[in-house]
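data31.txt (compact mmCIF, C-alpha atoms and all ligand atoms)
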```
# COMPACT_ATOMS: atom_id res chain seq x y z
CA MET A 1 -25.08 30.40 43.83
CA ASN A 2 -23.70 28.21 46.61
CA HIS A 3 -20.25 28.06 48.19
CA PHE A 4 -19.04 24.62 49.31
CA LEU A 5 -16.93 25.57 52.31
CA ASP A 6 -17.56 22.80 54.84
CA ILE A 7 -19.83 19.84 55.53
CA HIS A 8 -21.29 21.40 58.70
CA LYS A 9 -22.02 24.62 56.81
CA THR A 10 -24.00 22.86 54.06
CA ASP A 11 -27.54 21.71 54.76
CA LYS A 12 -28.43 18.02 55.02
CA PRO A 13 -30.71 17.78 51.95
CA ALA A 14 -28.00 19.41 49.82
CA LEU A 15 -25.37 16.95 51.12
CA ARG A 16 -27.63 13.95 50.49
CA GLY A 17 -28.47 15.33 47.04
CA ILE A 18 -24.76 15.65 46.22
CA ILE A 19 -24.00 12.05 47.26
CA ASP A 20 -26.95 10.64 45.32
CA ARG A 21 -26.07 12.66 42.26
CA ALA A 22 -22.43 11.58 42.47
CA ARG A 23 -23.60 7.94 42.46
CA ALA A 24 -25.80 8.64 39.41
CA ILE A 25 -22.95 10.42 37.58
CA LYS A 26 -20.67 7.44 38.26
CA ASP A 27 -23.31 4.92 37.14
CA ALA A 28 -23.93 6.84 33.92
CA ARG A 29 -20.25 6.56 33.02
CA ASP A 30 -20.06 2.84 33.66
CA GLY A 31 -17.88 1.27 30.99
CA GLN A 32 -17.03 4.59 29.32
CA PRO A 33 -13.44 5.47 28.51
CA LYS A 34 -11.85 7.56 31.25
CA ALA A 35 -11.21 10.66 29.16
CA ALA A 36 -14.60 10.82 27.43
CA PRO A 37 -16.74 13.88 28.15
CA ASP A 38 -19.95 13.24 30.06
CA ALA A 39 -23.09 12.83 27.93
CA ASP A 40 -24.32 15.89 29.78
CA THR A 41 -21.90 18.87 29.58
CA PRO A 42 -23.32 21.46 32.01
CA LEU A 43 -20.05 23.39 32.29
CA ALA A 44 -19.77 24.09 28.53
CA GLY A 45 -18.43 27.62 28.10
CA ARG A 46 -17.44 27.95 31.77
CA MET A 47 -14.01 28.50 33.30
CA VAL A 48 -12.97 27.24 36.73
CA ALA A 49 -9.89 28.51 38.62
CA LEU A 50 -8.09 25.88 40.70
CA ILE A 51 -5.73 27.58 43.18
CA PHE A 52 -3.14 25.56 45.09
CA GLU A 53 -1.08 26.95 47.94
CA LYS A 54 -0.06 23.41 48.95
CA PRO A 55 0.91 20.32 46.91
CA SER A 56 -1.79 18.01 45.52
CA THR A 57 -2.21 14.99 43.27
CA ARG A 58 -5.82 13.81 43.72
CA THR A 59 -7.52 17.16 44.28
CA ARG A 60 -5.72 18.75 41.36
CA VAL A 61 -6.29 15.94 38.86
CA SER A 62 -9.86 15.09 39.90
CA PHE A 63 -11.09 18.71 39.81
CA ASP A 64 -9.33 19.42 36.53
CA LEU A 65 -10.66 16.24 34.93
CA GLY A 66 -14.14 16.71 36.39
CA VAL A 67 -14.50 20.21 34.92
CA ARG A 68 -13.23 19.07 31.52
CA GLN A 69 -15.49 16.01 31.43
CA MET A 70 -18.45 18.29 32.11
CA GLY A 71 -17.48 20.46 29.13
CA GLY A 72 -15.75 23.30 31.00
CA GLN A 73 -12.19 24.57 31.09
CA THR A 74 -9.75 25.08 33.95
CA MET A 75 -6.87 27.30 34.99
CA VAL A 76 -4.61 25.63 37.52
CA LEU A 77 -2.90 28.39 39.51
CA SER A 78 -0.17 28.19 42.11
CA GLY A 79 -0.73 30.64 44.96
CA ASN A 80 2.96 31.55 44.92
CA ASP A 81 2.93 32.53 41.26
CA MET A 82 -0.07 34.84 41.78
CA GLN A 83 0.06 38.34 43.26
CA LEU A 84 -1.87 36.72 46.12
CA GLY A 85 1.42 35.23 47.27
CA HIS A 86 3.12 38.65 47.02
CA GLY A 87 0.91 40.96 49.03
CA GLU A 88 -2.31 41.45 47.04
CA THR A 89 -5.22 40.96 49.40
CA ILE A 90 -7.45 37.92 49.27
CA ALA A 91 -10.49 40.19 48.94
CA ASP A 92 -9.05 41.96 45.88
CA THR A 93 -8.00 38.65 44.34
CA ALA A 94 -11.54 37.32 44.85
CA ARG A 95 -13.10 40.39 43.23
CA VAL A 96 -10.80 40.22 40.21
CA LEU A 97 -11.10 36.47 39.66
CA SER A 98 -14.90 36.78 39.84
CA ARG A 99 -14.73 39.00 36.71
CA TYR A 100 -12.91 36.26 34.80
CA VAL A 101 -14.03 32.84 35.98
CA ASP A 102 -17.27 31.08 36.93
CA MET A 103 -16.06 29.19 40.01
CA ILE A 104 -12.99 29.06 42.30
CA MET A 105 -11.56 26.02 44.08
CA ILE A 106 -8.82 26.83 46.57
CA ARG A 107 -6.44 24.70 48.66
CA THR A 108 -4.81 26.87 51.27
CA PHE A 109 -3.35 27.02 54.77
CA ASP A 110 -5.41 29.21 57.09
CA GLU A 111 -9.17 28.80 56.94
CA SER A 112 -9.54 32.59 56.99
CA VAL A 113 -8.18 32.73 53.41
CA LEU A 114 -10.99 30.48 52.20
CA GLU A 115 -13.57 32.45 54.17
CA GLU A 116 -12.38 35.81 52.85
CA MET A 117 -12.30 34.45 49.31
CA ALA A 118 -15.92 33.34 49.68
CA GLU A 119 -16.98 36.62 51.26
CA TYR A 120 -15.64 38.77 48.42
CA ALA A 121 -16.10 36.46 45.41
CA SER A 122 -19.29 36.79 43.41
CA VAL A 123 -18.84 33.22 42.07
CA PRO A 124 -18.96 29.96 44.07
CA VAL A 125 -15.90 29.04 46.13
CA ILE A 126 -15.01 25.43 47.00
CA ASN A 127 -12.75 24.29 49.85
CA GLY A 128 -10.04 22.01 48.41
CA LEU A 129 -8.46 21.58 51.93
CA THR A 130 -7.36 23.98 54.61
CA ASP A 131 -5.33 23.36 57.77
CA ARG A 132 -8.66 22.78 59.50
CA THR A 133 -10.94 20.78 57.18
CA HIS A 134 -11.15 18.75 53.93
CA PRO A 135 -14.84 18.45 53.03
CA CYS A 136 -14.57 17.24 49.40
CA GLN A 137 -12.59 14.22 50.60
CA ILE A 138 -15.19 13.19 53.11
CA MET A 139 -18.04 13.56 50.59
CA ALA A 140 -16.15 11.02 48.46
CA ASP A 141 -15.63 8.83 51.54
CA VAL A 142 -19.33 8.80 52.46
CA MET A 143 -20.12 7.94 48.84
CA THR A 144 -17.55 5.13 48.91
CA PHE A 145 -18.86 3.66 52.17
CA GLU A 146 -22.44 3.64 50.86
CA GLU A 147 -21.41 2.05 47.56
CA HIS A 148 -19.94 -0.88 49.47
CA ARG A 149 -22.17 -1.17 52.53
CA GLY A 150 -25.40 0.83 52.02
CA PRO A 151 -26.52 3.75 54.20
CA ILE A 152 -23.83 5.09 56.54
CA ALA A 153 -26.43 6.31 59.09
CA GLY A 154 -26.10 4.41 62.38
CA LYS A 155 -22.70 2.90 61.51
CA LYS A 156 -19.56 3.08 63.64
CA VAL A 157 -16.55 4.87 62.15
CA VAL A 158 -13.20 4.82 63.96
CA TRP A 159 -10.56 7.47 63.28
CA CYS A 160 -7.03 6.28 64.23
CA GLY A 161 -4.17 8.71 64.79
CA ASP A 162 -4.00 12.49 64.49
CA GLY A 163 -7.23 14.47 65.02
CA ASN A 164 -6.41 16.59 61.96
CA ASN A 165 -8.26 18.41 59.15
CA VAL A 166 -9.57 15.21 57.55
CA CYS A 167 -10.75 13.95 60.95
CA ALA A 168 -12.56 17.29 61.44
CA SER A 169 -14.57 16.85 58.25
CA PHE A 170 -15.40 13.27 59.34
CA LEU A 171 -16.81 14.72 62.58
CA HIS A 172 -18.94 17.13 60.55
CA ALA A 173 -20.12 14.27 58.34
CA ALA A 174 -21.01 12.21 61.44
CA GLY A 175 -23.38 14.97 62.50
CA GLN A 176 -24.88 15.50 59.05
CA PHE A 177 -25.17 11.87 57.88
CA GLY A 178 -26.03 10.40 61.30
CA PHE A 179 -23.16 7.99 62.04
CA ASP A 180 -21.12 7.53 65.22
CA LEU A 181 -17.42 8.29 65.38
CA THR A 182 -14.77 7.07 67.78
CA PHE A 183 -11.44 8.88 67.87
CA THR A 184 -8.43 6.93 69.05
CA GLY A 185 -5.10 8.72 69.35
CA PRO A 186 -2.85 10.48 71.84
CA VAL A 187 -4.40 13.24 73.98
CA GLN A 188 -2.02 15.83 72.51
CA LEU A 189 -3.54 15.23 69.05
CA ASP A 190 -7.23 15.15 69.91
CA PRO A 191 -9.58 16.63 67.34
CA GLU A 192 -10.79 20.18 67.92
CA MET A 193 -13.32 20.12 70.77
CA GLU A 194 -15.41 22.71 68.92
CA PHE A 195 -16.03 20.12 66.19
CA VAL A 196 -16.54 17.25 68.64
CA GLY A 197 -19.17 19.40 70.38
CA TRP A 198 -20.76 20.32 67.07
CA ALA A 199 -21.16 16.66 66.07
CA ARG A 200 -22.55 15.73 69.51
CA ASN A 201 -25.08 18.56 69.32
CA ALA A 202 -26.12 17.27 65.93
CA GLY A 203 -26.97 13.93 67.60
CA SER A 204 -23.93 11.74 66.89
CA ALA A 205 -22.24 9.62 69.53
CA ILE A 206 -18.64 10.86 69.49
CA THR A 207 -16.30 8.81 71.70
CA ILE A 208 -12.67 9.37 72.59
CA GLU A 209 -10.91 6.09 73.45
CA ARG A 210 -7.15 5.98 74.06
CA ASP A 211 -6.90 2.20 73.62
CA PRO A 212 -6.97 1.47 69.87
CA ILE A 213 -8.02 -2.17 70.33
CA LYS A 214 -11.04 -1.18 72.41
CA ALA A 215 -11.80 1.68 70.01
CA VAL A 216 -12.18 -0.52 66.94
CA GLU A 217 -14.51 -3.07 68.55
CA GLY A 218 -17.67 -3.22 66.42
CA ALA A 219 -16.26 -0.80 63.84
CA ASP A 220 -17.81 -0.73 60.35
CA LEU A 221 -15.08 1.55 59.01
CA ILE A 222 -11.53 2.33 60.15
CA VAL A 223 -9.84 5.46 58.83
CA ALA A 224 -6.21 6.59 58.99
CA ASP A 225 -4.31 9.59 57.65
CA THR A 226 -0.71 10.75 57.58
CA TRP A 227 0.91 11.46 60.94
CA VAL A 228 2.42 14.73 59.69
CA SER A 229 0.14 16.98 57.63
CA MET A 230 1.30 19.57 55.11
CA HIS A 231 0.75 22.39 57.60
CA ASP A 232 2.62 20.66 60.46
CA ALA A 233 6.19 21.70 61.26
CA GLN A 234 8.67 19.13 59.98
CA SER A 235 10.58 19.64 63.24
CA ALA A 236 7.68 17.94 65.06
CA ARG A 237 7.95 14.82 62.91
CA GLU A 238 9.84 12.57 65.29
CA ARG A 239 7.76 13.58 68.32
CA ARG A 240 4.52 12.96 66.41
CA HIS A 241 5.74 9.57 65.16
CA ASN A 242 6.62 8.49 68.70
CA MET A 243 3.18 9.50 69.99
CA LEU A 244 1.28 7.95 67.08
CA ARG A 245 3.11 4.63 66.63
CA PRO A 246 0.66 2.72 68.91
CA TYR A 247 -2.17 3.83 66.60
CA GLN A 248 -0.85 2.26 63.39
CA VAL A 249 -3.59 0.45 61.46
CA ASN A 250 -2.26 -3.07 60.90
CA ALA A 251 -3.77 -6.52 60.39
CA ARG A 252 -3.88 -7.13 64.15
CA LEU A 253 -5.91 -3.96 64.77
CA MET A 254 -8.23 -4.71 61.82
CA SER A 255 -8.91 -8.17 63.28
CA HIS A 256 -10.61 -6.51 66.28
CA ALA A 257 -13.12 -4.64 64.10
CA LYS A 258 -16.21 -6.23 62.48
CA PRO A 259 -15.16 -8.98 60.05
CA ASP A 260 -16.49 -6.95 57.11
CA ALA A 261 -15.08 -3.59 58.29
CA LEU A 262 -13.76 -1.31 55.55
CA PHE A 263 -10.44 0.58 55.64
CA MET A 264 -10.08 4.10 54.21
CA HIS A 265 -7.23 6.58 53.81
CA CYS A 266 -7.52 9.83 51.87
CA LEU A 267 -3.94 9.38 50.55
CA PRO A 268 -1.10 10.14 50.17
CA ALA A 269 -0.18 7.35 52.60
CA HIS A 270 3.13 6.63 54.27
CA ARG A 271 3.27 2.87 54.03
CA GLU A 272 4.37 1.08 57.21
CA GLU A 273 3.83 4.27 59.25
CA GLU A 274 0.14 5.07 59.87
CA VAL A 275 -0.92 1.93 57.97
CA THR A 276 0.79 -1.26 56.82
CA SER A 277 0.87 -2.31 53.18
CA GLU A 278 -0.87 -5.50 54.27
CA VAL A 279 -3.96 -3.45 55.20
CA MET A 280 -3.70 -0.93 52.34
CA ASP A 281 -3.53 -3.69 49.75
CA GLY A 282 -5.72 -6.14 51.69
CA PRO A 283 -9.38 -7.19 51.41
CA HIS A 284 -10.80 -4.49 53.74
CA SER A 285 -9.25 -1.59 51.84
CA VAL A 286 -11.31 0.63 49.52
CA ILE A 287 -8.67 3.34 49.09
CA TRP A 288 -8.63 3.32 45.27
CA ASP A 289 -12.42 3.66 45.14
CA GLU A 290 -12.10 6.61 47.51
CA ALA A 291 -9.62 8.27 45.18
CA GLU A 292 -11.81 7.65 42.11
CA ASN A 293 -14.89 8.91 43.89
CA ARG A 294 -13.28 12.31 44.43
CA LEU A 295 -13.98 12.83 40.72
CA HIS A 296 -17.67 11.90 40.87
CA ALA A 297 -18.39 13.60 44.20
CA GLN A 298 -16.76 16.85 43.09
CA LYS A 299 -18.71 16.89 39.83
CA ALA A 300 -21.87 16.75 41.93
CA ILE A 301 -20.52 19.46 44.26
CA MET A 302 -19.69 21.76 41.32
CA ARG A 303 -23.15 21.26 39.79
CA TRP A 304 -24.75 22.07 43.14
CA CYS A 305 -22.60 25.22 43.46
CA LEU A 306 -23.76 26.48 40.08
CA ASP A 307 -27.35 25.21 40.37
CA LEU A 308 -26.86 23.06 37.27
N1 LIG B 401 -6.52 13.22 49.38
C1 LIG B 401 -6.06 14.35 48.81
O1 LIG B 401 -6.66 15.44 48.94
O2 LIG B 401 -4.96 14.16 48.05
P1 LIG B 401 -4.04 15.28 47.37
O3 LIG B 401 -3.30 15.98 48.47
O4 LIG B 401 -3.14 14.51 46.46
O5 LIG B 401 -4.92 16.25 46.62
N1 LIG B 402 -4.02 15.65 56.59
C1 LIG B 402 -3.35 15.72 55.31
C2 LIG B 402 -4.34 15.42 54.20
C3 LIG B 402 -3.76 15.42 52.82
C4 LIG B 402 -4.76 15.19 51.75
C5 LIG B 402 -2.72 17.08 55.13
O1 LIG B 402 -3.36 18.10 55.43
O2 LIG B 402 -1.56 17.12 54.70
```

The structure given in the file should be rewritten as C-alpha cells.
Amino acid sequence: MNHFLDIHKTDKPALRGIIDRARAIKDARDGQPKAAPDADTPLAGRMVALIFEKPSTRTRVSFDLGVRQMGGQTMVLSGNDMQLGHGETIADTARVLSRYVDMIMIRTFDESVLEEMAEYASVPVINGLTDRTHPCQIMADVMTFEEHRGPIAGKKVVWCGDGNNVCASFLHAAGQFGFDLTFTGPVQLDPEMEFVGWARNAGSAITIERDPIKAVEGADLIVADTWVSMHDAQSARERRHNMLRPYQVNARLMSHAKPDALFMHCLPAHREEEVTSEVMDGPHSVIWDEAENRLHAQKAIMRWCLDL
C-alpha cells in the first residue's frame, strides 16, 4: 500500500512508472467514447472516498470519473457535512473511513490534515491539494509536456507569479524529473525556500529572477496560476494584484521565450489577470490537454497506490 502525498516524498522510479503508465492508459483509450469503462477494470468492487474541504471542478470530476472507468465506485464527501468539520478528529475519521473504503483522496487546507489522515488510515491516501502543494496536477503537467515535446529532463520551466502550492509541486518535480526551474515574481511571494533548497539539493538549477522578460529567455515551458489561491485572504486581493501585475503572461512575454515554448495553467484561470485570453487560446497553450491528463495521470496514481 502506498500513499501519494507529494512528489518529493515519492521515489523517482515510482514517479516515472506513473507517468509512463498514464501515457499507456491514455493511448489504450484512443478513440473510445468518454464514458466507456476501461478494458481493464482493476477497481471493480472497490470504493474510493473523495473528500473536499475546498471547491473543485477538475479534481472532483477527474477522480470520480477515473474510479468509475476503472470499475470502482466513489463517495464524494464535503468536509463540512462530515463530523470532521464539527470536531471529530482527523485520526478517528481516518480509522473509521479505513473500515469502509479502499482509498481516500482529500483536498484540504493545512498540510497537517493530510499527514494525519495518512498516518492513521490503513488504506492509501492521496493529496488532492493542500495550501502547500498540488502533486496530482504536476504529474499531469509533466505528462502533458512529454506528450508534446519528449523528455522533460534538462528543459527550462519558468513559473510566473505567486510562488504558491502549485509552484511548490513544480519545484519538487524539477528535482525528481531533472529539469531546471526559474521563478519570476515579487519577493514577497517567493516560493518556500525549503522547497527551493530541496530541488537544488536534488540537482536542479533553481533560479529566482525578478525581471520576467529575462526570466523567460530560453524557456521551454511557461506556467502561470491564479494570483489569489483558495487559502489566501480575500482582503489581500488588491495588494496581490498590484504586486503581480508585471508578471502577467501575455503575447509580449511569450515572444521572449523559445519559439516553440508551451504555456500551462492548472485552471481555474482568471482571464486577463495572470494570463491573457490571447495566450490561453493561442498556439503555445496546452491547458485543455493538462486538464484531460489529470484523468489519466490519476488513474495511474490510484493503481500505484493499490499495487494494481
Ligand atoms: N486544477 C485543479 O485542481 O482544478 P480544480 O480546483 O477545479 O480541482
Ligand atoms: N493555487 C490554486 C490552485 C487551484 C487548483 C489554489 O490553491 O487555489

Ligand LIG 402 (chain B): which residues are within 8 Å, counting all atoms listed in the file? Reply as a list of chain:residue names. A:Ser56, A:Leu129, A:Thr130, A:Asp131, A:His134, A:Gln137, A:Asn164, A:Asn165, A:Val166, A:Asp225, A:Thr226, A:Trp227, A:Val228, A:Ser229, A:Met230, A:His231, A:Asp232, A:Cys266, A:Leu267, A:Pro268

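Note that the spacing between atom CA of A:Ile51 and atom CA of A:Cys305 amounts to 17.0 Å.
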
Calculate how many Å separate atom CA of A:Ala199 from atom CA of A:Lys9, rounding to one decimal.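 If I compute the distance from atom CA of A:Ala199 to atom CA of A:Lys9, I get 12.2 Å.
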
6 Å contact set for A:Val158, all atoms listed in the file, chain neighbours under 6 positions out, as a VMD selection string: chain A and resid 181 to 183 222

Which one of A:Ala94, A:Ala24, A:Leu244, A:Ile106 sits closest to ligand LIG 401 (chain B) if you count only C-alpha atoms and all ligand atoms?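 Of the candidates, the smallest distance to ligand LIG 401 (chain B) is held by A:Ile106.
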
Counting only C-alpha atoms, which residues have an atom no more than 9 Å from (-21.8, 15.2, 43.1) in the file's coordinates? Please list them as a list in words.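 Protein and nucleic acid residues near the point are Leu15, Gly17, Ile18, Ile19, Asp20, Arg21, Ala22, Arg23, Ala24, Ile25, Met139, Ala140, Leu295, His296, Ala297, Gln298, Lys299, Ala300, Ile301, Met302, Arg303 and Trp304 of chain A.
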
Serialized selection, C-alpha atoms, as a PDB file, in the coordinates of the input:
```
ATOM      1  CA  LEU A  15     -25.370  16.950  51.120  1.00  0.00           C
ATOM      2  CA  GLY A  17     -28.470  15.330  47.040  1.00  0.00           C
ATOM      3  CA  ILE A  18     -24.760  15.650  46.220  1.00  0.00           C
ATOM      4  CA  ILE A  19     -24.000  12.050  47.260  1.00  0.00           C
ATOM      5  CA  ASP A  20     -26.950  10.640  45.320  1.00  0.00           C
ATOM      6  CA  ARG A  21     -26.070  12.660  42.260  1.00  0.00           C
ATOM      7  CA  ALA A  22     -22.430  11.580  42.470  1.00  0.00           C
ATOM      8  CA  ARG A  23     -23.600   7.940  42.460  1.00  0.00           C
ATOM      9  CA  ALA A  24     -25.800   8.640  39.410  1.00  0.00           C
ATOM     10  CA  ILE A  25     -22.950  10.420  37.580  1.00  0.00           C
ATOM     11  CA  MET A 139     -18.040  13.560  50.590  1.00  0.00           C
ATOM     12  CA  ALA A 140     -16.150  11.020  48.460  1.00  0.00           C
ATOM     13  CA  LEU A 295     -13.980  12.830  40.720  1.00  0.00           C
ATOM     14  CA  HIS A 296     -17.670  11.900  40.870  1.00  0.00           C
ATOM     15  CA  ALA A 297     -18.390  13.600  44.200  1.00  0.00           C
ATOM     16  CA  GLN A 298     -16.760  16.850  43.090  1.00  0.00           C
ATOM     17  CA  LYS A 299     -18.710  16.890  39.830  1.00  0.00           C
ATOM     18  CA  ALA A 300     -21.870  16.750  41.930  1.00  0.00           C
ATOM     19  CA  ILE A 301     -20.520  19.460  44.260  1.00  0.00           C
ATOM     20  CA  MET A 302     -19.690  21.760  41.320  1.00  0.00           C
ATOM     21  CA  ARG A 303     -23.150  21.260  39.790  1.00  0.00           C
ATOM     22  CA  TRP A 304     -24.750  22.070  43.140  1.00  0.00           C
TER      23      TRP A 304
END
```

Compare A:Thr41, A:Gln248, A:Thr10, A:Asn293 by their minimum atom-to-atom distance to ligand LIG 401 (chain B), counting all atoms listed in the file, and give me the closest one.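 Using all atoms listed in the file, the shortest distance to ligand LIG 401 (chain B) belongs to A:Asn293.
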
Rank nothing, just name the residue among A:Ile138, A:Leu43, A:Val125, A:Ala91 nearest to ligand LIG 401 (chain B), using all atoms listed in the file. A:Ile138

Would you please work out which residue, of A:Ser62, A:Ser255, A:Thr108, A:Thr57, is nearest to A:Arg294 when using all atoms listed in the file?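 The shortest atom-to-atom distance to A:Arg294 comes from A:Ser62.
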
For a cutoff of 12 Å around the file-coordinate point (-11.2, -11.0, 63.7), which residues qualify once you count only C-alpha atoms? I'd like the result as a PDB file with C-alpha atoms, in the coordinates of the input.
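Saved as out_17.pdb:
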```pdb
ATOM      1  CA  ILE A 213      -8.020  -2.170  70.330  1.00  0.00           C
ATOM      2  CA  VAL A 216     -12.180  -0.520  66.940  1.00  0.00           C
ATOM      3  CA  GLU A 217     -14.510  -3.070  68.550  1.00  0.00           C
ATOM      4  CA  GLY A 218     -17.670  -3.220  66.420  1.00  0.00           C
ATOM      5  CA  ALA A 219     -16.260  -0.800  63.840  1.00  0.00           C
ATOM      6  CA  ALA A 251      -3.770  -6.520  60.390  1.00  0.00           C
ATOM      7  CA  ARG A 252      -3.880  -7.130  64.150  1.00  0.00           C
ATOM      8  CA  LEU A 253      -5.910  -3.960  64.770  1.00  0.00           C
ATOM      9  CA  MET A 254      -8.230  -4.710  61.820  1.00  0.00           C
ATOM     10  CA  SER A 255      -8.910  -8.170  63.280  1.00  0.00           C
ATOM     11  CA  HIS A 256     -10.610  -6.510  66.280  1.00  0.00           C
ATOM     12  CA  ALA A 257     -13.120  -4.640  64.100  1.00  0.00           C
ATOM     13  CA  LYS A 258     -16.210  -6.230  62.480  1.00  0.00           C
ATOM     14  CA  PRO A 259     -15.160  -8.980  60.050  1.00  0.00           C
ATOM     15  CA  ASP A 260     -16.490  -6.950  57.110  1.00  0.00           C
ATOM     16  CA  ALA A 261     -15.080  -3.590  58.290  1.00  0.00           C
ATOM     17  CA  HIS A 284     -10.800  -4.490  53.740  1.00  0.00           C
TER      18      HIS A 284
END
```

Rounded to one decimal, what separation in Å do you get between atom CA of A:Val76 and atom CA of A:Lys26?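 Here the two named atoms are 24.3 Å from each other.
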
So which residues touch A:Glu272 within 12 Å, counting only C-alpha atoms, skipping near sequence neighbours fewer than 5 positions away, as an MDAnalysis selection string? chainID A and resid 226:227 241 245 247:251 277:281

Rank A:Ala236, A:Met117, A:Ala291, A:Leu221 by their smallest atom-to-atom distance to A:Glu146, using only C-alpha atoms, and report the top residue only.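 For A:Glu146, the nearest of the candidates is A:Leu221.
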
A:Met82 environment, 10 Å, only C-alpha atoms, sequence neighbours closer than 5 positions dropped, as a list in words: Ile51, Leu77, Gly87, Glu88 and Thr93 of chain A

Output C-alpha atoms for every residue in the selection just made, as a compact mmCIF listing (two decimals), in the coordinates of the input.
```txt
# COMPACT_ATOMS: atom_id res chain seq x y z
CA ILE A 51 -5.73 27.58 43.18
CA LEU A 77 -2.90 28.39 39.51
CA GLY A 87 0.91 40.96 49.03
CA GLU A 88 -2.31 41.45 47.04
CA THR A 93 -8.00 38.65 44.34
```

Nearest residue to A:Ala121 from the set A:Thr207, A:Asn2, A:Thr184, A:Thr74 (distances using only C-alpha atoms):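 So, comparing all the options, the nearest one is A:Asn2.
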
So that all listed atoms of ligand LIG 401 (chain B) fit with 3 Å spare on each side, what axis-aligned box centre and edge lengths in Å, to one decimal, would you give as JSON?
```
{"center_x": -4.9, "center_y": 14.7, "center_z": 47.9, "size_x": 9.5, "size_y": 9.0, "size_z": 8.9}
```

Show which residues sit within 12 Å of A:Ile7, as JSON, numbers by chain. Count only C-alpha atoms, and ignore same-chain residues fewer than 4 positions away. {"A": [3, 11, 12, 13, 14, 15, 16, 18, 126, 127, 133, 134, 135, 136, 137, 138, 139, 140, 142, 166, 168, 169, 170, 171, 172, 173, 174, 175, 176, 177, 195, 198, 199, 301]}

N, CA, C and O atoms restored at stretch 173-186 of chain A, emitted as a PDB file, in the frame of the given file:
```pdb
ATOM      1  N   ALA A 173     -19.298  15.229  59.089  1.00  0.00           N
ATOM      2  CA  ALA A 173     -20.120  14.270  58.340  1.00  0.00           C
ATOM      3  C   ALA A 173     -20.903  13.373  59.301  1.00  0.00           C
ATOM      4  O   ALA A 173     -22.056  13.006  59.022  1.00  0.00           O
ATOM      5  N   ALA A 174     -20.301  13.035  60.449  1.00  0.00           N
ATOM      6  CA  ALA A 174     -21.010  12.210  61.440  1.00  0.00           C
ATOM      7  C   ALA A 174     -22.304  12.906  61.841  1.00  0.00           C
ATOM      8  O   ALA A 174     -23.381  12.297  61.885  1.00  0.00           O
ATOM      9  N   GLY A 175     -22.200  14.208  62.107  1.00  0.00           N
ATOM     10  CA  GLY A 175     -23.380  14.970  62.500  1.00  0.00           C
ATOM     11  C   GLY A 175     -24.407  15.076  61.374  1.00  0.00           C
ATOM     12  O   GLY A 175     -25.613  14.948  61.610  1.00  0.00           O
ATOM     13  N   GLN A 176     -23.940  15.272  60.166  1.00  0.00           N
ATOM     14  CA  GLN A 176     -24.880  15.500  59.050  1.00  0.00           C
ATOM     15  C   GLN A 176     -25.473  14.214  58.476  1.00  0.00           C
ATOM     16  O   GLN A 176     -26.617  14.210  58.021  1.00  0.00           O
ATOM     17  N   PHE A 177     -24.681  13.127  58.470  1.00  0.00           N
ATOM     18  CA  PHE A 177     -25.170  11.870  57.880  1.00  0.00           C
ATOM     19  C   PHE A 177     -25.620  10.871  58.938  1.00  0.00           C
ATOM     20  O   PHE A 177     -26.046   9.766  58.613  1.00  0.00           O
ATOM     21  N   GLY A 178     -25.460  11.229  60.234  1.00  0.00           N
ATOM     22  CA  GLY A 178     -26.030  10.400  61.300  1.00  0.00           C
ATOM     23  C   GLY A 178     -25.266   9.124  61.612  1.00  0.00           C
ATOM     24  O   GLY A 178     -25.866   8.093  61.901  1.00  0.00           O
ATOM     25  N   PHE A 179     -23.927   9.169  61.571  1.00  0.00           N
ATOM     26  CA  PHE A 179     -23.160   7.990  62.040  1.00  0.00           C
ATOM     27  C   PHE A 179     -22.393   8.353  63.304  1.00  0.00           C
ATOM     28  O   PHE A 179     -22.299   9.529  63.669  1.00  0.00           O
ATOM     29  N   ASP A 180     -21.875   7.325  63.991  1.00  0.00           N
ATOM     30  CA  ASP A 180     -21.120   7.530  65.220  1.00  0.00           C
ATOM     31  C   ASP A 180     -19.630   7.485  64.905  1.00  0.00           C
ATOM     32  O   ASP A 180     -19.213   6.754  64.004  1.00  0.00           O
ATOM     33  N   LEU A 181     -18.857   8.247  65.648  1.00  0.00           N
ATOM     34  CA  LEU A 181     -17.420   8.290  65.380  1.00  0.00           C
ATOM     35  C   LEU A 181     -16.637   8.147  66.670  1.00  0.00           C
ATOM     36  O   LEU A 181     -16.916   8.848  67.643  1.00  0.00           O
ATOM     37  N   THR A 182     -15.682   7.220  66.661  1.00  0.00           N
ATOM     38  CA  THR A 182     -14.770   7.070  67.780  1.00  0.00           C
ATOM     39  C   THR A 182     -13.394   7.539  67.338  1.00  0.00           C
ATOM     40  O   THR A 182     -12.900   7.115  66.282  1.00  0.00           O
ATOM     41  N   PHE A 183     -12.810   8.426  68.130  1.00  0.00           N
ATOM     42  CA  PHE A 183     -11.440   8.880  67.870  1.00  0.00           C
ATOM     43  C   PHE A 183     -10.511   8.109  68.781  1.00  0.00           C
ATOM     44  O   PHE A 183     -10.748   8.047  69.995  1.00  0.00           O
ATOM     45  N   THR A 184      -9.452   7.538  68.210  1.00  0.00           N
ATOM     46  CA  THR A 184      -8.430   6.930  69.050  1.00  0.00           C
ATOM     47  C   THR A 184      -7.064   7.475  68.640  1.00  0.00           C
ATOM     48  O   THR A 184      -6.668   7.392  67.471  1.00  0.00           O
ATOM     49  N   GLY A 185      -6.394   8.090  69.609  1.00  0.00           N
ATOM     50  CA  GLY A 185      -5.100   8.720  69.350  1.00  0.00           C
ATOM     51  C   GLY A 185      -4.604   9.318  70.642  1.00  0.00           C
ATOM     52  O   GLY A 185      -5.295   9.279  71.662  1.00  0.00           O
ATOM     53  N   PRO A 186      -3.402   9.895  70.617  1.00  0.00           N
ATOM     54  CA  PRO A 186      -2.850  10.480  71.840  1.00  0.00           C
ATOM     55  C   PRO A 186      -3.569  11.781  72.202  1.00  0.00           C
ATOM     56  O   PRO A 186      -4.025  12.504  71.306  1.00  0.00           O
TER      57      PRO A 186
END
```
